[in-house]
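Undergrad: Structure incoming, see below.
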Amino acid sequence: MKTGALHREWALWNQILVANSKLLSKTKNMATAPVTATQNETPHTSEHDDAFSEKCTTHQQQQYHKIDSPYCGSAMKEQKVNGDGEGDNQLPTGFKRLAGSPVFRILLLLIPALFYFTWTIGNTSSLPNFSHNCGGLSNEPSIPFMKNLPAVNPFAALSNSSKPHEVIDIPYFPDTNISSPVYTQVLLQESFASSWNRPVLVKYTPPPANITYKKVVLTLETTVNGVQYDRLVHIYLNDNEIWRSSTIEPAGRLTHSFAQRDATMYYKLFTQPGDLLVQLDNLVTPKLTGAFNITLSAVYLNEEENLRTSKHPDIIPLTPSKYGSGFPPIVYYPDSMLSVSLPVMNFNTTELILLLTTSANAAEEFWSSNLLDQYKKAFLSHNRHFYGHGSCRVINVFVNGIRVHTTNPKPYLFTGGIAPTLWQSIVSTGSFNIVPYYVDLTPVLPLLWDSSAHLEIDISNCIDDDEKAITESGIGSNWITSASLAVWEDSSIEDSYGEVETFDNSTAIKTFAISPPSSGFLTQIIKASYANSFQTNITYTYINGTESSKLTNYTNEANQTSLIVITKFGDTQSLISVPRSSYERLTLDPETSDTLKTYTMLTNSSMVTHLDFLSDAELEHNVYEKEPNAQDISFNVSLVVKENTGAYNDAKPLFEIISKENGTAEFTISAHGNNHGTGSMLHNYSYSDIRGRSFTRVALAENDEIVYDNLTDNST
């Protein structure tokens with residue numbers, strides 16, 4: 001067994017492989033076997049079955065050998081270790097003694113520290129978020145099944161069970177008060193057991209015509225019993241992903257969670273009948289026994305939306321399913337590229353936002369701890385395995401080959417992330433609500449009036465964007481990605497004209513790494529800076545004959561600094577990641593170019609982790625006897641994640657959020673499957689906005705209990 005930084009239990013690989021082979025066999029048989037309709041199940045026509053089974057089976061066989069991931073089901077490529085891996089070159093005895101001396105190691109530590117503080121001086125910092133979960137073994141699932149709302153409640157068996165363990169979250173955006181809805185409906189009740197590549201499709205029906213509502217909030221209740229990994233939940237409406245969430249890990253007991261998401265951005269989708277698809281890829285095996293029982297509901301409220309009080313946008317899917325409404329409209333990047341055509345825009349379009357949802361999984365789950373390719377095997381001879389491609393990631397958005405935006409992705413931490421005992425009572429902020437990245441495409445609106453444009457999403461490792469790079473490293477599998485377009489129009493506008501007057505891009509990448517042979521030491525520093533700026537001049541002609549000219553400057557910056565220090569041949573690992581981003585929109589006087597109005601969005605984040613693998617002698621307890629040649633993996637970890645975000649109009653804050661998580665854990669991955677450990681996590685959160693709402697929340701969780709959860713609401 002290979003072990004290393006932030007890795008999952010590798011035994012899941014074999015279980016996924018077995019399950020995937022069964023799915024492939026089953027999919028082949030479905031092309032010829034008759035489909036029998038059961039209660040609440042709508043049969044497919046034979047034409048549908050034959051066509052889609054052939055496509056999906058062929059693609060699954062290709063992807064089965066293509067995706068190299070411990071979590072998403074490819075064959076693990078074991079590497080023979082003979083003690084001559086990278087970093088193990090033979091050196092003169094005198095140099096070996098020098099490399100192993102304390103003075104030499106101290107000097108090596110001072111060199112990267114000097115580089116780090118030189119590069120980051122003046123930078124303010126504060127939180128990201130980490131991530132797990134596999135979205136599928138291949139880019140397209142096997143044939144889904146259509147279900148209406150079940151006539152029999154699948155949760156009846158749980159009604160007489162013991163009280164479940166409750167897992168809560170502290171949402172990054174404040175909870176919406178849903179205590180006074182004008183209408184509520186259950187959209188789906190389903191048990192997801194062996195549901196890998198089997199999403200559930202139901203028909204969505206909007207509220208009756210006599211119901212008046214302005215806000216839509218989705219709620220998700222999840223109950224799971226036994227042993228199971230955290231999974232991703234994807235919710236799509238008419239080919240648009242409207243919510244992505246992680247699930248809880250039950251840790252061998254009945255566990256319950258409740259989450260909600262303000263979906264008012266997709267308001268217009270909820271006003272019409274449509275197809276609602278829910279994807280929760282799960283496997284149930286003799287060892288992974290947990291089935292996720294979910295209740296998805298929609299709550300409609302007759303009150304103003306929090307963030308946007310103007311008209312609701314039209315939503316256009318950009319990554320629709322290739323095979324129809326029953327198949328998830330997502331892309332597994334980079335195995336499949338995200339390159340689409342943007343539609344021609346109407347002349348009365350005033351704002352254009354790309355809603356991009358993506359999260360890193362499989363070999364990219366903990367990308368912020370990945371090493372440069374030449375060092376990923378440096379400690380393999382000491383049973384420490386790392387992924388490559390470096391520890392920096394950015395999302396670049398191109399329109400007609402022009403880079404229009406760069407975003408720092410969030411490294412989400414889900415309930416199995418790093419050490420599951422960190423999240424047994426309170427999940428990491430954001431893990432129940434993976435919000436889309438908002439990419440402003442309004443600067444290139446003049447390019448879309450007369451013809452369609454080409455949109456391309458590139459998730460880069462930063463080092464490939466360095467103009468000095470000789471060879472490309474790329475990234476690993478896989479980033480589960482979907483995209484939609486939000487379009488605002490003004491019916492009082494009859495015509496418009498204008499142009500993109502100027503645009504400019506700049507990129508600066510610095511990389512430093514050192515790992516002296518036989519020293520057991522490695523330091524890696526990557527610093528990346530991206531900037532994109534546009535000036536757009538647009539004149540609107542209104543129906544009443546008047547005109548209005550708008551000169552706007554748009555500037556987007558994304559900066560990221562990563563420092564990794566590894567000692568003791570991989571047994572001790574420290575990470576500092578500092579991503580910062582800013583977006584500024586200046587409305588200028590068309591005649592004088594004086595600034596009339598400013599809008600600014602700032603995000604300063606940081607993540608600090610320290611991980612120590614423990615020997616048997618260092619463990620405080622070892623309650624499980626080991627079998628011959630069995631190997632437990634035990635480690636201590638400390639973690640601090642922060643994020644400060646604010647939006648400002650003319651320097652006046654619209655809202656400000658400060659979030660911090662600080663925790664420690666000891667965890668053992670047992671050779672007997674009896675994983676165990678301890679953990680504590682302190683959550684600090686504060687929120688304020690222009691409406692006078694202000695509150696703080698401080699919560700401490702230790703092991704299975706919430707010690708306290710204090711909320712102070714100072715709203716006026």
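Following the order of the structure tokens, first chain is A, next is B, and so on, with residues numbered from 1 inside each chain and ligands from 1 in the order they appear.
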May I have the residues within 10 Å of Ser491 in chain A as a ChimeraX atom specification, using only C-alpha atoms and disregarding those fewer than 6 positions away in the same chain?
TA: /A:348-349,542-543
Undergrad: Out of range 432-530 of chain A, which residues get helix (DSSP H, G or I) from DSSP, as a list in words?
TA: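 Here is the list: Thr442, Pro443, Val444, Leu445, Pro446, Leu447, Leu448, Ile463, Asp464 and Asp465 of chain A.
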Undergrad: Using only C-alpha atoms, can you tell me which of A:Ser180, A:Thr481, A:Ser368, A:Thr350 comes closest to Ile493 in chain A?
TA: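 The closest residue to Ile493 in chain A is A:Thr350.
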Undergrad: So which residues touch Ser577 in chain A within 8 Å, counting only C-alpha atoms, skipping near sequence neighbours fewer than 3 positions away, as a list in words?
TA: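 Residues meeting the cut-off are Ser368, Gln560, Thr561, Ser562, Leu563, Ser606, Met607 and Val608 of chain A.
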Undergrad: Out of A:Asp314, A:Glu472, A:Asp504, A:Glu489, which residue has the shortest atom-to-atom distance to Lys268 in chain A when counting only C-alpha atoms?
TA: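 Looking at the shortest contact to Lys268 in chain A, the residue is A:Asp314.
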Undergrad: Given the choices A:Met345, A:Ile475, A:Leu288, A:Met337, which gets closest to Asp230 in chain A if the distance is worked out from only C-alpha atoms?
TA: A:Leu288
Undergrad: Using only C-alpha atoms, which protein or nucleic acid residues come within 9 Å of Tyr648 in chain A? Drop anything in the same chain fewer than 2 positions from it, and give the result as a PyMOL selection string.
TA: chain A and resi 598-602+646+650-656
Undergrad: If you keep N, CA, C and O atoms, can you produce a file of those selected residues as a PDB file, in the first residue's frame?
TA:
```pdb
ATOM      1  N   THR A 598     -17.870  53.346  -8.604  1.00  0.00           N
ATOM      2  CA  THR A 598     -16.983  52.189  -8.503  1.00  0.00           C
ATOM      3  C   THR A 598     -17.695  51.036  -7.801  1.00  0.00           C
ATOM      4  O   THR A 598     -18.498  51.247  -6.898  1.00  0.00           O
ATOM      5  N   TYR A 599     -17.397  49.848  -8.262  1.00  0.00           N
ATOM      6  CA  TYR A 599     -17.833  48.628  -7.572  1.00  0.00           C
ATOM      7  C   TYR A 599     -16.606  47.733  -7.428  1.00  0.00           C
ATOM      8  O   TYR A 599     -15.881  47.492  -8.401  1.00  0.00           O
ATOM      9  N   THR A 600     -16.357  47.250  -6.204  1.00  0.00           N
ATOM     10  CA  THR A 600     -15.169  46.445  -5.926  1.00  0.00           C
ATOM     11  C   THR A 600     -15.551  45.202  -5.143  1.00  0.00           C
ATOM     12  O   THR A 600     -16.378  45.257  -4.239  1.00  0.00           O
ATOM     13  N   MET A 601     -14.939  44.081  -5.516  1.00  0.00           N
ATOM     14  CA  MET A 601     -15.101  42.814  -4.791  1.00  0.00           C
ATOM     15  C   MET A 601     -13.708  42.297  -4.446  1.00  0.00           C
ATOM     16  O   MET A 601     -12.854  42.151  -5.322  1.00  0.00           O
ATOM     17  N   LEU A 602     -13.469  42.036  -3.155  1.00  0.00           N
ATOM     18  CA  LEU A 602     -12.153  41.599  -2.683  1.00  0.00           C
ATOM     19  C   LEU A 602     -12.281  40.291  -1.907  1.00  0.00           C
ATOM     20  O   LEU A 602     -13.212  40.135  -1.106  1.00  0.00           O
ATOM     21  N   GLY A 646     -15.404  40.879   0.746  1.00  0.00           N
ATOM     22  CA  GLY A 646     -16.207  42.081   0.851  1.00  0.00           C
ATOM     23  C   GLY A 646     -16.552  42.636  -0.515  1.00  0.00           C
ATOM     24  O   GLY A 646     -15.779  42.500  -1.468  1.00  0.00           O
ATOM     25  N   ASP A 650     -18.480  52.443  -4.247  1.00  0.00           N
ATOM     26  CA  ASP A 650     -17.831  53.712  -3.903  1.00  0.00           C
ATOM     27  C   ASP A 650     -17.207  53.639  -2.506  1.00  0.00           C
ATOM     28  O   ASP A 650     -17.371  54.548  -1.672  1.00  0.00           O
ATOM     29  N   ALA A 651     -16.517  52.535  -2.241  1.00  0.00           N
ATOM     30  CA  ALA A 651     -15.807  52.284  -0.984  1.00  0.00           C
ATOM     31  C   ALA A 651     -16.731  52.041   0.200  1.00  0.00           C
ATOM     32  O   ALA A 651     -16.256  51.796   1.314  1.00  0.00           O
ATOM     33  N   LYS A 652     -18.045  52.065   0.010  1.00  0.00           N
ATOM     34  CA  LYS A 652     -18.985  51.765   1.087  1.00  0.00           C
ATOM     35  C   LYS A 652     -19.326  50.278   1.035  1.00  0.00           C
ATOM     36  O   LYS A 652     -19.729  49.769  -0.015  1.00  0.00           O
ATOM     37  N   PRO A 653     -19.185  49.564   2.150  1.00  0.00           N
ATOM     38  CA  PRO A 653     -19.383  48.107   2.107  1.00  0.00           C
ATOM     39  C   PRO A 653     -20.833  47.711   1.864  1.00  0.00           C
ATOM     40  O   PRO A 653     -21.734  48.166   2.560  1.00  0.00           O
ATOM     41  N   LEU A 654     -21.036  46.873   0.843  1.00  0.00           N
ATOM     42  CA  LEU A 654     -22.339  46.239   0.636  1.00  0.00           C
ATOM     43  C   LEU A 654     -22.491  45.059   1.582  1.00  0.00           C
ATOM     44  O   LEU A 654     -23.544  44.855   2.164  1.00  0.00           O
ATOM     45  N   PHE A 655     -21.422  44.262   1.712  1.00  0.00           N
ATOM     46  CA  PHE A 655     -21.375  43.206   2.722  1.00  0.00           C
ATOM     47  C   PHE A 655     -19.916  42.865   2.985  1.00  0.00           C
ATOM     48  O   PHE A 655     -19.038  43.059   2.129  1.00  0.00           O
ATOM     49  N   GLU A 656     -19.659  42.337   4.164  1.00  0.00           N
ATOM     50  CA  GLU A 656     -18.333  41.862   4.539  1.00  0.00           C
ATOM     51  C   GLU A 656     -18.481  40.569   5.325  1.00  0.00           C
ATOM     52  O   GLU A 656     -19.338  40.468   6.207  1.00  0.00           O
TER      53      GLU A 656
END
```
Undergrad: With distances taken over only C-alpha atoms, which residue among A:Gly226, A:Pro420, A:Pro329, A:Gly520 lies nearest Glu666 in chain A?
TA: A:Pro420
Undergrad: Please identify all polymer residues within 9 Å of range 528-534 of chain A, counting only C-alpha atoms, omitting same-chain residues fewer than 3 positions from it, and present them as number ranges by chain.
TA: A: 392, 403-407, 443-444, 462-463, 500-511, 552-562
Undergrad: Could you check which of A:Thr222, A:Asn684, A:Asn675, A:Thr358 is closest to Glu643 in chain A, using only C-alpha atoms?
TA: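 Closest to Glu643 in chain A of all the choices is A:Asn684.
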Undergrad: Out of A:Asn177, A:Ser680, A:Ser634, A:Thr255, which residue has the shortest atom-to-atom distance to Lys163 in chain A when counting only C-alpha atoms?
TA: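 Result for the nearest residue to Lys163 in chain A: A:Thr255.
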Undergrad: Find the residues around Gly679 in chain A up to 10 Å (only C-alpha atoms counted), leave out those fewer than 5 positions away in its own chain, and share them as a VMD selection string.
TA: chain A and resid 419 to 424 636 to 638 663 to 667 701 to 704
Undergrad: Could you work out how far CA of Ser659 in chain A lies from CA of Leu220 in chain A, giving the answer in Å with one decimal?
TA: 23.2 Å
Undergrad: Write out as number ranges by chain each polymer residue whose atoms come within 7 Å of Ile395 in chain A, counting only C-alpha atoms; drop sequence neighbours fewer than 5 positions from it.
TA: A: 406-409, 458-460
Undergrad: Quick check, in Å to one decimal: how far apart do CA of Leu596 in chain A and CA of Gly692 in chain A lie?
TA: 25.3 Å
